[in-house]
Structures are given as C-alpha cells and as structure tokens.
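J.: My structure file my_file36.cif, mmCIF, C-alpha atoms, is below:
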```cif
data_input
loop_
_atom_site.group_PDB
_atom_site.id
_atom_site.type_symbol
_atom_site.label_atom_id
_atom_site.label_comp_id
_atom_site.auth_asym_id
_atom_site.auth_seq_id
_atom_site.Cartn_x
_atom_site.Cartn_y
_atom_site.Cartn_z
ATOM 1 C CA MET A 1 0.000 0.000 0.000
ATOM 2 C CA MET A 2 1.272 3.440 -0.961
ATOM 3 C CA GLY A 3 2.065 6.047 1.671
ATOM 4 C CA THR A 4 0.754 9.611 1.810
ATOM 5 C CA LEU A 5 2.442 12.961 1.258
ATOM 6 C CA TYR A 6 1.072 15.676 3.528
ATOM 7 C CA LEU A 7 1.672 19.333 2.666
ATOM 8 C CA VAL A 8 1.831 20.904 6.118
ATOM 9 C CA ALA A 9 1.535 24.682 6.498
ATOM 10 C CA THR A 10 3.698 26.044 9.313
ATOM 11 C CA PRO A 11 3.697 29.459 11.063
ATOM 12 C CA ILE A 12 5.091 32.466 9.201
ATOM 13 C CA GLY A 13 5.867 34.137 12.508
ATOM 14 C CA ASN A 14 3.293 33.584 15.210
ATOM 15 C CA MET A 15 3.482 30.078 16.702
ATOM 16 C CA GLY A 16 -0.188 30.314 17.634
ATOM 17 C CA ASP A 17 -1.053 29.901 13.942
ATOM 18 C CA LEU A 18 0.041 26.250 13.842
ATOM 19 C CA SER A 19 -3.129 24.172 13.782
ATOM 20 C CA PRO A 20 -3.661 21.178 16.100
ATOM 21 C CA ARG A 21 -4.034 19.025 12.977
ATOM 22 C CA ALA A 22 -0.686 20.214 11.595
ATOM 23 C CA LYS A 23 0.998 19.295 14.895
ATOM 24 C CA GLU A 24 -0.682 15.901 14.840
ATOM 25 C CA ILE A 25 0.575 15.181 11.314
ATOM 26 C CA LEU A 26 4.129 16.256 12.205
ATOM 27 C CA GLU A 27 4.041 13.956 15.241
ATOM 28 C CA SER A 28 2.738 10.950 13.334
ATOM 29 C CA ALA A 29 4.726 11.235 10.083
ATOM 30 C CA ASP A 30 7.464 8.684 9.425
ATOM 31 C CA LEU A 31 9.613 11.400 7.869
ATOM 32 C CA ILE A 32 9.589 15.184 7.529
ATOM 33 C CA ALA A 33 10.980 16.755 4.359
ATOM 34 C CA ALA A 34 12.073 20.313 5.156
ATOM 35 C CA GLU A 35 13.329 23.271 3.152
ATOM 36 C CA ASP A 36 15.904 23.950 5.880
ATOM 37 C CA THR A 37 16.313 21.252 8.539
ATOM 38 C CA ARG A 38 17.705 23.807 11.009
ATOM 39 C CA VAL A 39 14.609 25.988 10.788
ATOM 40 C CA THR A 40 12.215 23.048 10.987
ATOM 41 C CA GLY A 41 14.327 21.459 13.724
ATOM 42 C CA ALA A 42 13.856 24.581 15.846
ATOM 43 C CA LEU A 43 10.094 24.456 15.221
ATOM 44 C CA LEU A 44 9.897 20.783 16.212
ATOM 45 C CA LYS A 45 11.911 21.467 19.368
ATOM 46 C CA LYS A 46 9.370 24.107 20.423
ATOM 47 C CA LEU A 47 6.609 21.580 19.818
ATOM 48 C CA GLY A 48 8.421 18.822 21.711
ATOM 49 C CA ILE A 49 8.577 16.602 18.624
ATOM 50 C CA GLU A 50 11.527 14.381 17.742
ATOM 51 C CA LYS A 51 11.429 13.224 14.154
ATOM 52 C CA LYS A 52 13.775 12.264 11.320
ATOM 53 C CA LEU A 53 14.352 15.230 9.015
ATOM 54 C CA VAL A 54 15.473 15.187 5.381
ATOM 55 C CA SER A 55 16.402 18.397 3.568
ATOM 56 C CA TYR A 56 14.424 19.131 0.413
ATOM 57 C CA TYR A 57 15.125 22.459 -1.277
ATOM 58 C CA GLU A 58 15.745 23.987 -4.697
ATOM 59 C CA HIS A 59 19.294 22.739 -5.236
ATOM 60 C CA ASN A 60 18.803 19.121 -4.124
ATOM 61 C CA ALA A 61 15.151 18.618 -5.093
ATOM 62 C CA ALA A 62 15.888 16.482 -8.172
ATOM 63 C CA MET A 63 18.084 14.105 -6.188
ATOM 64 C CA ARG A 64 15.908 13.979 -3.050
ATOM 65 C CA SER A 65 12.628 13.503 -4.912
ATOM 66 C CA SER A 66 13.553 9.954 -5.909
ATOM 67 C CA LEU A 67 14.457 9.147 -2.277
ATOM 68 C CA LEU A 68 11.185 10.538 -0.958
ATOM 69 C CA ILE A 69 9.184 8.734 -3.634
ATOM 70 C CA ARG A 70 10.797 5.430 -2.601
ATOM 71 C CA HIS A 71 9.755 6.012 1.010
ATOM 72 C CA LEU A 72 6.203 6.811 -0.105
ATOM 73 C CA GLU A 73 6.021 3.748 -2.346
ATOM 74 C CA ASP A 74 7.155 1.663 0.650
ATOM 75 C CA GLY A 75 4.066 2.835 2.488
ATOM 76 C CA GLU A 76 5.585 5.552 4.670
ATOM 77 C CA THR A 77 3.943 8.870 5.541
ATOM 78 C CA ILE A 78 5.887 12.048 4.739
ATOM 79 C CA ALA A 79 5.136 15.589 5.911
ATOM 80 C CA LEU A 80 6.510 18.238 3.556
ATOM 81 C CA VAL A 81 7.131 21.668 5.079
ATOM 82 C CA SER A 82 8.734 24.920 3.955
ATOM 83 C CA ASP A 83 10.608 27.291 6.277
ATOM 84 C CA ALA A 84 7.360 29.190 6.822
ATOM 85 C CA GLY A 85 3.856 29.141 5.414
ATOM 86 C CA THR A 86 2.308 26.782 2.898
ATOM 87 C CA PRO A 87 4.699 24.457 1.036
ATOM 88 C CA ALA A 88 4.681 24.043 -2.769
ATOM 89 C CA ILE A 89 4.218 27.800 -3.302
ATOM 90 C CA SER A 90 7.363 29.423 -4.749
ATOM 91 C CA ASP A 91 9.393 26.383 -3.691
ATOM 92 C CA PRO A 92 10.219 22.969 -5.243
ATOM 93 C CA GLY A 93 7.389 21.234 -3.402
ATOM 94 C CA GLU A 94 5.278 21.541 -6.530
ATOM 95 C CA ASP A 95 7.646 19.158 -8.336
ATOM 96 C CA ILE A 96 7.236 16.260 -5.898
ATOM 97 C CA VAL A 97 3.479 16.857 -5.783
ATOM 98 C CA GLU A 98 3.359 16.460 -9.561
ATOM 99 C CA GLU A 99 5.433 13.283 -9.384
ATOM 100 C CA CYS A 100 3.256 11.805 -6.627
ATOM 101 C CA ILE A 101 0.118 12.438 -8.651
ATOM 102 C CA ARG A 102 1.732 10.826 -11.688
ATOM 103 C CA ARG A 103 2.539 7.707 -9.637
ATOM 104 C CA GLY A 104 -0.841 7.508 -7.926
ATOM 105 C CA ILE A 105 0.480 8.509 -4.484
ATOM 106 C CA GLU A 106 -2.056 10.378 -2.362
ATOM 107 C CA VAL A 107 -1.278 14.040 -1.612
ATOM 108 C CA ILE A 108 -3.208 15.771 1.177
ATOM 109 C CA PRO A 109 -2.995 19.462 2.153
ATOM 110 C CA VAL A 110 -2.962 20.522 5.798
ATOM 111 C CA PRO A 111 -4.114 24.176 5.577
ATOM 112 C CA GLY A 112 -2.588 27.018 7.512
ATOM 113 C CA PRO A 113 -0.721 30.321 7.098
ATOM 114 C CA CYS A 114 0.039 31.645 3.626
ATOM 115 C CA ALA A 115 1.758 35.039 3.333
ATOM 116 C CA PHE A 116 0.322 36.105 -0.009
ATOM 117 C CA VAL A 117 -3.258 35.308 1.005
ATOM 118 C CA CYS A 118 -2.845 37.337 4.207
ATOM 119 C CA ALA A 119 -1.378 40.280 2.282
ATOM 120 C CA LEU A 120 -4.148 40.161 -0.326
ATOM 121 C CA THR A 121 -6.952 40.202 2.234
ATOM 122 C CA VAL A 122 -5.601 43.306 4.005
ATOM 123 C CA SER A 123 -4.637 45.193 0.822
ATOM 124 C CA GLY A 124 -8.040 46.730 0.225
ATOM 125 C CA PHE A 125 -7.921 45.661 -3.436
ATOM 126 C CA SER A 126 -10.302 43.329 -5.224
ATOM 127 C CA THR A 127 -10.085 39.677 -4.169
ATOM 128 C CA LYS A 128 -12.567 38.505 -6.803
ATOM 129 C CA ARG A 129 -9.807 37.938 -9.343
ATOM 130 C CA PHE A 130 -6.087 37.956 -8.669
ATOM 131 C CA SER A 131 -2.836 36.553 -10.035
ATOM 132 C CA PHE A 132 -0.026 35.334 -7.817
ATOM 133 C CA ILE A 133 3.187 36.165 -9.694
ATOM 134 C CA GLY A 134 5.617 35.200 -6.916
ATOM 135 C CA PHE A 135 9.253 36.292 -7.194
ATOM 136 C CA LEU A 136 10.213 38.412 -10.186
ATOM 137 C CA PRO A 137 13.548 37.791 -11.981
ATOM 138 C CA ALA A 138 16.645 39.090 -10.187
ATOM 139 C CA LYS A 139 18.078 40.747 -13.325
ATOM 140 C CA GLN A 140 16.579 44.160 -14.028
ATOM 141 C CA ASN A 141 16.064 43.744 -17.774
ATOM 142 C CA GLU A 142 14.250 40.424 -17.242
ATOM 143 C CA ARG A 143 12.266 41.855 -14.337
ATOM 144 C CA LYS A 144 11.081 44.850 -16.360
ATOM 145 C CA LYS A 145 10.216 42.617 -19.286
ATOM 146 C CA GLU A 146 7.955 40.495 -17.073
ATOM 147 C CA LEU A 147 6.364 43.590 -15.548
ATOM 148 C CA GLU A 148 5.690 44.893 -19.055
ATOM 149 C CA SER A 149 3.910 41.654 -19.943
ATOM 150 C CA ILE A 150 1.450 41.939 -17.023
ATOM 151 C CA LYS A 151 1.011 45.670 -16.451
ATOM 152 C CA HIS A 152 -2.363 45.900 -18.226
ATOM 153 C CA ARG A 153 -3.982 42.986 -16.415
ATOM 154 C CA GLU A 154 -7.180 44.037 -14.699
ATOM 155 C CA GLU A 155 -6.941 41.578 -11.783
ATOM 156 C CA THR A 156 -5.010 42.248 -8.565
ATOM 157 C CA LEU A 157 -1.333 41.225 -8.866
ATOM 158 C CA ILE A 158 0.675 39.689 -6.011
ATOM 159 C CA PHE A 159 4.458 39.423 -5.732
ATOM 160 C CA TYR A 160 6.996 38.119 -3.225
ATOM 161 C CA GLU A 161 10.226 40.080 -2.811
ATOM 162 C CA ALA A 162 13.415 39.823 -0.776
ATOM 163 C CA PRO A 163 14.553 42.857 1.247
ATOM 164 C CA HIS A 164 17.718 43.461 -0.773
ATOM 165 C CA ARG A 165 15.688 43.792 -3.994
ATOM 166 C CA LEU A 166 12.613 45.634 -2.710
ATOM 167 C CA LEU A 167 13.682 49.161 -3.705
ATOM 168 C CA LYS A 168 14.816 48.044 -7.160
ATOM 169 C CA THR A 169 11.537 46.239 -7.768
ATOM 170 C CA LEU A 170 9.379 49.146 -6.562
ATOM 171 C CA SER A 171 11.424 51.524 -8.736
ATOM 172 C CA ASP A 172 10.911 49.306 -11.798
ATOM 173 C CA MET A 173 7.204 49.083 -11.024
ATOM 174 C CA CYS A 174 7.050 52.893 -10.894
ATOM 175 C CA GLU A 175 8.574 53.055 -14.353
ATOM 176 C CA VAL A 176 6.505 50.279 -15.910
ATOM 177 C CA PHE A 177 3.153 50.460 -14.054
ATOM 178 C CA GLY A 178 3.254 54.210 -13.505
ATOM 179 C CA GLU A 179 3.927 56.093 -10.279
ATOM 180 C CA GLU A 180 0.228 56.433 -9.419
ATOM 181 C CA ARG A 181 -0.610 52.703 -9.465
ATOM 182 C CA LYS A 182 -1.867 51.783 -5.998
ATOM 183 C CA VAL A 183 -0.010 49.109 -4.031
ATOM 184 C CA SER A 184 -0.014 47.577 -0.582
ATOM 185 C CA VAL A 185 3.304 46.265 0.749
ATOM 186 C CA SER A 186 3.192 43.895 3.718
ATOM 187 C CA ARG A 187 6.197 42.798 5.742
ATOM 188 C CA GLU A 188 6.825 40.572 8.749
ATOM 189 C CA ILE A 189 3.233 39.285 8.688
ATOM 190 C CA THR A 190 2.147 37.892 12.106
ATOM 191 C CA LYS A 191 5.486 38.981 13.658
ATOM 192 C CA LYS A 192 6.303 41.712 16.182
ATOM 193 C CA PHE A 193 7.113 44.357 13.552
ATOM 194 C CA GLU A 194 4.272 43.534 11.160
ATOM 195 C CA GLU A 195 3.571 46.439 8.843
ATOM 196 C CA HIS A 196 1.281 47.188 5.894
ATOM 197 C CA ILE A 197 2.178 50.252 3.800
ATOM 198 C CA ARG A 198 -0.472 51.401 1.332
ATOM 199 C CA GLY A 199 -0.460 54.168 -1.265
ATOM 200 C CA SER A 200 0.739 54.967 -4.767
ATOM 201 C CA LEU A 201 3.921 53.310 -5.977
ATOM 202 C CA SER A 202 5.812 56.590 -5.673
ATOM 203 C CA GLN A 203 4.593 57.089 -2.089
ATOM 204 C CA VAL A 204 5.463 53.548 -1.027
ATOM 205 C CA LEU A 205 8.882 53.737 -2.706
ATOM 206 C CA THR A 206 9.621 56.986 -0.860
ATOM 207 C CA HIS A 207 8.599 55.354 2.423
ATOM 208 C CA PHE A 208 11.035 52.480 2.030
ATOM 209 C CA GLU A 209 13.796 54.768 0.767
ATOM 210 C CA THR A 210 13.660 56.556 4.120
ATOM 211 C CA ASN A 211 12.901 53.606 6.427
ATOM 212 C CA PRO A 212 14.749 50.350 7.135
ATOM 213 C CA VAL A 213 14.033 47.576 4.641
ATOM 214 C CA LYS A 214 13.937 44.441 6.768
ATOM 215 C CA GLY A 215 11.960 41.219 6.669
ATOM 216 C CA GLU A 216 10.172 39.317 3.936
ATOM 217 C CA PHE A 217 7.841 41.317 1.690
ATOM 218 C CA VAL A 218 4.608 40.782 -0.206
ATOM 219 C CA ILE A 219 3.686 43.429 -2.793
ATOM 220 C CA VAL A 220 0.028 43.598 -3.816
ATOM 221 C CA ALA A 221 -0.676 45.824 -6.820
ATOM 222 C CA GLU A 222 -4.078 47.096 -7.871
ATOM 223 C CA GLY A 223 -5.135 45.836 -11.277
ATOM 224 C CA GLY A 224 -5.129 48.053 -14.341
ATOM 225 C CA THR A 225 -8.322 49.615 -15.676
ATOM 226 C CA LYS A 226 -10.253 48.175 -18.586
ATOM 227 C CA GLU A 227 -9.345 51.307 -20.539
ATOM 228 C CA GLU A 228 -5.644 50.697 -19.915
ATOM 229 C CA SER A 229 -5.924 47.038 -20.928
ATOM 230 C CA ASN A 230 -7.260 48.125 -24.335
ATOM 231 C CA LEU A 231 -4.545 50.713 -25.053
ATOM 232 C CA ASN A 232 -2.664 48.549 -27.534
ATOM 233 C CA GLN A 233 -5.790 48.279 -29.653
ATOM 234 C CA LEU A 234 -5.772 52.057 -30.180
ATOM 235 C CA SER A 235 -3.998 53.855 -32.969
ATOM 236 C CA LEU A 236 -0.825 55.671 -31.942
ATOM 237 C CA GLU A 237 -2.691 58.969 -32.206
ATOM 238 C CA GLU A 238 -5.497 57.733 -29.945
ATOM 239 C CA HIS A 239 -2.927 56.321 -27.561
ATOM 240 C CA LEU A 240 -1.218 59.716 -27.404
ATOM 241 C CA ASP A 241 -4.533 61.502 -26.798
ATOM 242 C CA PHE A 242 -5.258 59.122 -23.896
ATOM 243 C CA TYR A 243 -2.172 60.375 -22.062
ATOM 244 C CA LEU A 244 -2.405 64.015 -23.125
ATOM 245 C CA GLU A 245 -5.927 64.155 -21.674
ATOM 246 C CA GLN A 246 -4.408 63.188 -18.323
ATOM 247 C CA GLY A 247 -2.194 66.285 -18.422
ATOM 248 C CA ILE A 248 0.965 64.355 -19.316
ATOM 249 C CA THR A 249 3.445 66.141 -21.603
ATOM 250 C CA GLN A 250 3.910 64.818 -25.108
ATOM 251 C CA LYS A 251 7.502 63.844 -24.310
ATOM 252 C CA ASP A 252 6.448 61.735 -21.333
ATOM 253 C CA ALA A 253 3.443 60.369 -23.215
ATOM 254 C CA ILE A 254 5.737 59.082 -25.968
ATOM 255 C CA LYS A 255 7.854 57.309 -23.346
ATOM 256 C CA LYS A 256 4.734 55.650 -21.934
ATOM 257 C CA ILE A 257 3.474 54.628 -25.369
ATOM 258 C CA ALA A 258 6.836 53.024 -26.137
ATOM 259 C CA LEU A 259 6.656 51.071 -22.856
ATOM 260 C CA ASP A 260 3.012 50.102 -23.395
ATOM 261 C CA ARG A 261 3.668 48.734 -26.862
ATOM 262 C CA ASN A 262 7.189 47.448 -26.237
ATOM 263 C CA LEU A 263 8.498 49.665 -29.062
ATOM 264 C CA PRO A 264 11.754 51.636 -29.308
ATOM 265 C CA LYS A 265 11.128 55.185 -28.074
ATOM 266 C CA ARG A 266 12.808 56.645 -31.145
ATOM 267 C CA GLU A 267 10.330 54.785 -33.369
ATOM 268 C CA VAL A 268 7.329 56.273 -31.554
ATOM 269 C CA TYR A 269 8.989 59.708 -31.503
ATOM 270 C CA ALA A 270 9.636 59.501 -35.257
ATOM 271 C CA HIS A 271 5.962 58.662 -35.889
ATOM 272 C CA PHE A 272 4.820 61.922 -34.274
ATOM 273 C CA HIS A 273 7.575 64.083 -35.742
ATOM 274 C CA LYS A 274 7.387 63.301 -39.417
ATOM 275 C CA GLU A 275 8.674 66.062 -41.642
#
```
Can the structure from this file be put into structure tokens for me?
T.:
Amino acid sequence: MMGTLYLVATPIGNMGDLSPRAKEILESADLIAAEDTRVTGALLKKLGIEKKLVSYYEHNAAMRSSLLIRHLEDGETIALVSDAGTPAISDPGEDIVEECIRRGIEVIPVPGPCAFVCALTVSGFSTKRFSFIGFLPAKQNERKKELESIKHREETLIFYEAPHRLLKTLSDMCEVFGEERKVSVSREITKKFEEHIRGSLSQVLTHFETNPVKGEFVIVAEGGTKEESNLNQLSLEEHLDFYLEQGITQKDAIKKIALDRNLPKREVYAHFHKE
C-alpha cells in the first residue's frame, strides 16, 4: 500500500497559527521533508517533537525527490514543510506533488498560514480575481520585461520580494506600471514588527527609501483599468490623446506609449515628428 504525502503549512511568525491538525501530522509522520532542517528542527523542538528530518530544497530537489518517492512507495507517511507558510508555493514542493500524482500517491494538504493570502486580504484591493506572480527575476532587464507583460492585467497582482531587492523592484514598477498605481506592501506578517504600507507606488517607494528595509515582503498591486488594458488596440494617435488628456506632456506620453507597446522610443517619436 502506498504512503501519503502531507503538505503541512507552518507558522510564518506567530506560533499560535500552527493548527492542532498540523501538529498531529508532524508527530505521526514517518519522515519530515524540510526546506531547511535547522529551521524546521527549531520548530519541532518548540513543539516537543523528535522526528527524522530530510532536507528538500531547490538545489537538491531532483536528487531527493527519488528518495522521498521510494519512502512513499514503501508505504511511509511524509510531511513536507517549507521554512514558513504553505509548502509548494514558490518552492520545489510543486515538483514532488506532480510526481506523486503521476505515480498515484495520495497528496493531502494541511491548511494554515500563507503570506500572499494574508497580504491580499488586508490590501483593500479586489479579491474577486487575482494573479499570484511570486518572485520576479533578479536581473533588471528580465524583471522589467515580465512587468511589461502583465502591467495591463485588470486583476489584482501579487508578488513576493526579498529585502535586498525591494527598492529596485518598486522603482521598476514605478517606471513600468506608472507612479500612481496603488499598491499595498506587507512585511513581517504575524510577527512583532508587522507592517502594511499602502499608497501609490511613488509614495510607497519613498517610504522604504527613508525607512529600514527588513523582513520578507509581499507586494500587492491594484489591477489596471479596462481602458488601460485596451490601449494597444488604439492607434498611436489615440494612444497619445489618452495620455495628453491626463495632463501628461507629449515627451512623457511618448515614453509611456513606447513602454506600453514594447516599441523603441525613437520609433514612436519619429511617428509623431514626421517632416
């Protein structure tokens, strides 16, 4: 008989958020696969649980997956955990889940804390439709390219970001989304210094330029308007009028049109300055 893989959500800060069921699964599992065995070891110590731990993270996932699958096929129960929150979101857990499903091994979620869901619910933006983007690329040109590809989406957009890249990402969002796009940035959710900063991108960027950038961050961006999502269907002249009517100078409007349409600025400039 096949074993079962449990996806166990663990606290993202406040220990009180660990459910009794999650503790029960951790106590009864034959093996716990952890993103960082030191972090999970400290959690288990607080809970008074002694259990065999196996590391399972991005750089050893391919090798460890086969080992974990063998244990599951031998009928053992495995609890998969990340350092904090719900596993298989922005971590390699999704790979072993896929493999288990392919092999007919049962996968069961044990619900609990999830940073992006918490940040979304307190953002004040629409929760009817949203897209979880996760971490953007570390390289600026790739990051801006991805932002360009999603900037006109009408649903709420959610991102994870590390502290050392927060200012760069907010700056790129200002350039690509526009300084007035509304965002909510949450940090240290459920912890002592929990904070939720809301406002325009330019306001939030200014805040973090003048305050310490510490902790793990979730950026929630308001979706674009239906009018904005249809900009690329306009003629260049109509596109220009859209921005001019907002009081934007022609020079800045041309920059925005070039970004919107992923065109060289000189090409757009040349179109409006034909001799």
J.: Name the residues that the PyMOL selection byres ((chain A and resi 19-21) around 9) pulls out of this structure, and write them as a list in words.
T.: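 So the PyMOL selection byres ((chain A and resi 19-21) around 9) ends up selecting Ala9, Thr10, Gly16, Asp17, Leu18, Ala22, Lys23, Glu24, Ile25, Leu26, Val110, Pro111 and Gly112 of chain A.
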J.: Give the centre and edge lengths of an axis-aligned box, in Å to one decimal, that holds all listed atoms of stretch 136-139 of chain A with 5 Å on each side, as JSON.
T.:
```
{"center_x": 14.1, "center_y": 39.3, "center_z": -11.8, "size_x": 17.9, "size_y": 13.0, "size_z": 13.1}
```
J.: Name the residues captured by the PyMOL selection byres ((chain A and resi 106-109) around 12) when it is applied to the shown file; answer as an NGL selection string.
T.: :A and (1-10 or 21-22 or 25 or 69 or 72-73 or 75-81 or 86-88 or 93-94 or 96-105 or 110-112)
J.: Selected by the PyMOL selection byres ((chain A and resi 172) around 10) in the shown coordinates: which residues, as a ChimeraX atom specification?
T.: /A:140-141,143-144,147-148,166-171,173-179,201
J.: To one decimal place, how far is atom CA of A:Glu58 from atom CA of A:Tyr160 in Å?
T.: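 Computing the Euclidean distance for atom CA of A:Glu58 and atom CA of A:Tyr160 yields 16.7 Å.
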J.: Return the single residue from A:Glu222, A:Ile248, A:Arg261, A:Ile254 that is closest to A:Leu234, with distances computed using only C-alpha atoms.
T.: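 The shortest atom-to-atom distance to A:Leu234 comes from A:Arg261.
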J.: Please identify all polymer residues within 10 Å of stretch 209-217 of chain A, counting only C-alpha atoms, omitting same-chain residues fewer than 4 positions from it, and present them as a PDB file with C-alpha atoms, keeping the file's coordinate frame.
T.:
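What landed in result_27.pdb:
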```
ATOM      1  CA  ALA A 115       1.758  35.039   3.333  1.00  0.00           C
ATOM      2  CA  PHE A 116       0.322  36.105  -0.009  1.00  0.00           C
ATOM      3  CA  ALA A 119      -1.378  40.280   2.282  1.00  0.00           C
ATOM      4  CA  PHE A 159       4.458  39.423  -5.732  1.00  0.00           C
ATOM      5  CA  TYR A 160       6.996  38.119  -3.225  1.00  0.00           C
ATOM      6  CA  GLU A 161      10.226  40.080  -2.811  1.00  0.00           C
ATOM      7  CA  ALA A 162      13.415  39.823  -0.776  1.00  0.00           C
ATOM      8  CA  PRO A 163      14.553  42.857   1.247  1.00  0.00           C
ATOM      9  CA  HIS A 164      17.718  43.461  -0.773  1.00  0.00           C
ATOM     10  CA  ARG A 165      15.688  43.792  -3.994  1.00  0.00           C
ATOM     11  CA  LEU A 166      12.613  45.634  -2.710  1.00  0.00           C
ATOM     12  CA  LEU A 167      13.682  49.161  -3.705  1.00  0.00           C
ATOM     13  CA  VAL A 185       3.304  46.265   0.749  1.00  0.00           C
ATOM     14  CA  SER A 186       3.192  43.895   3.718  1.00  0.00           C
ATOM     15  CA  ARG A 187       6.197  42.798   5.742  1.00  0.00           C
ATOM     16  CA  GLU A 188       6.825  40.572   8.749  1.00  0.00           C
ATOM     17  CA  ILE A 189       3.233  39.285   8.688  1.00  0.00           C
ATOM     18  CA  LYS A 191       5.486  38.981  13.658  1.00  0.00           C
ATOM     19  CA  PHE A 193       7.113  44.357  13.552  1.00  0.00           C
ATOM     20  CA  GLU A 194       4.272  43.534  11.160  1.00  0.00           C
ATOM     21  CA  GLU A 195       3.571  46.439   8.843  1.00  0.00           C
ATOM     22  CA  HIS A 196       1.281  47.188   5.894  1.00  0.00           C
ATOM     23  CA  GLN A 203       4.593  57.089  -2.089  1.00  0.00           C
ATOM     24  CA  VAL A 204       5.463  53.548  -1.027  1.00  0.00           C
ATOM     25  CA  LEU A 205       8.882  53.737  -2.706  1.00  0.00           C
TER      26      LEU A 205
END
```
J.: A:Thr249, A:Ser28, A:Ser235, A:Ser131: which is nearest A:Lys151, counting all atoms listed in the file?
T.: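 With all atoms listed in the file as the atom set, the closest residue is A:Ser131.
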J.: Nearest to A:Leu43: which of A:His59, A:Arg70, A:Ser82, A:Lys128 is it, counting only C-alpha atoms?
T.: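 The shortest atom-to-atom distance to A:Leu43 comes from A:Ser82.
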J.: Measuring atom to atom with only C-alpha atoms, identify which of A:Tyr57, A:Phe272, A:Phe132, A:Phe125 is nearest to A:Val218.
T.: A:Phe132
J.: What does the structure give for the distance between atom CA of A:His239 and atom CA of A:Lys145, in Å to one decimal?
T.: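 That distance, rounded to one decimal, is 20.7 Å.
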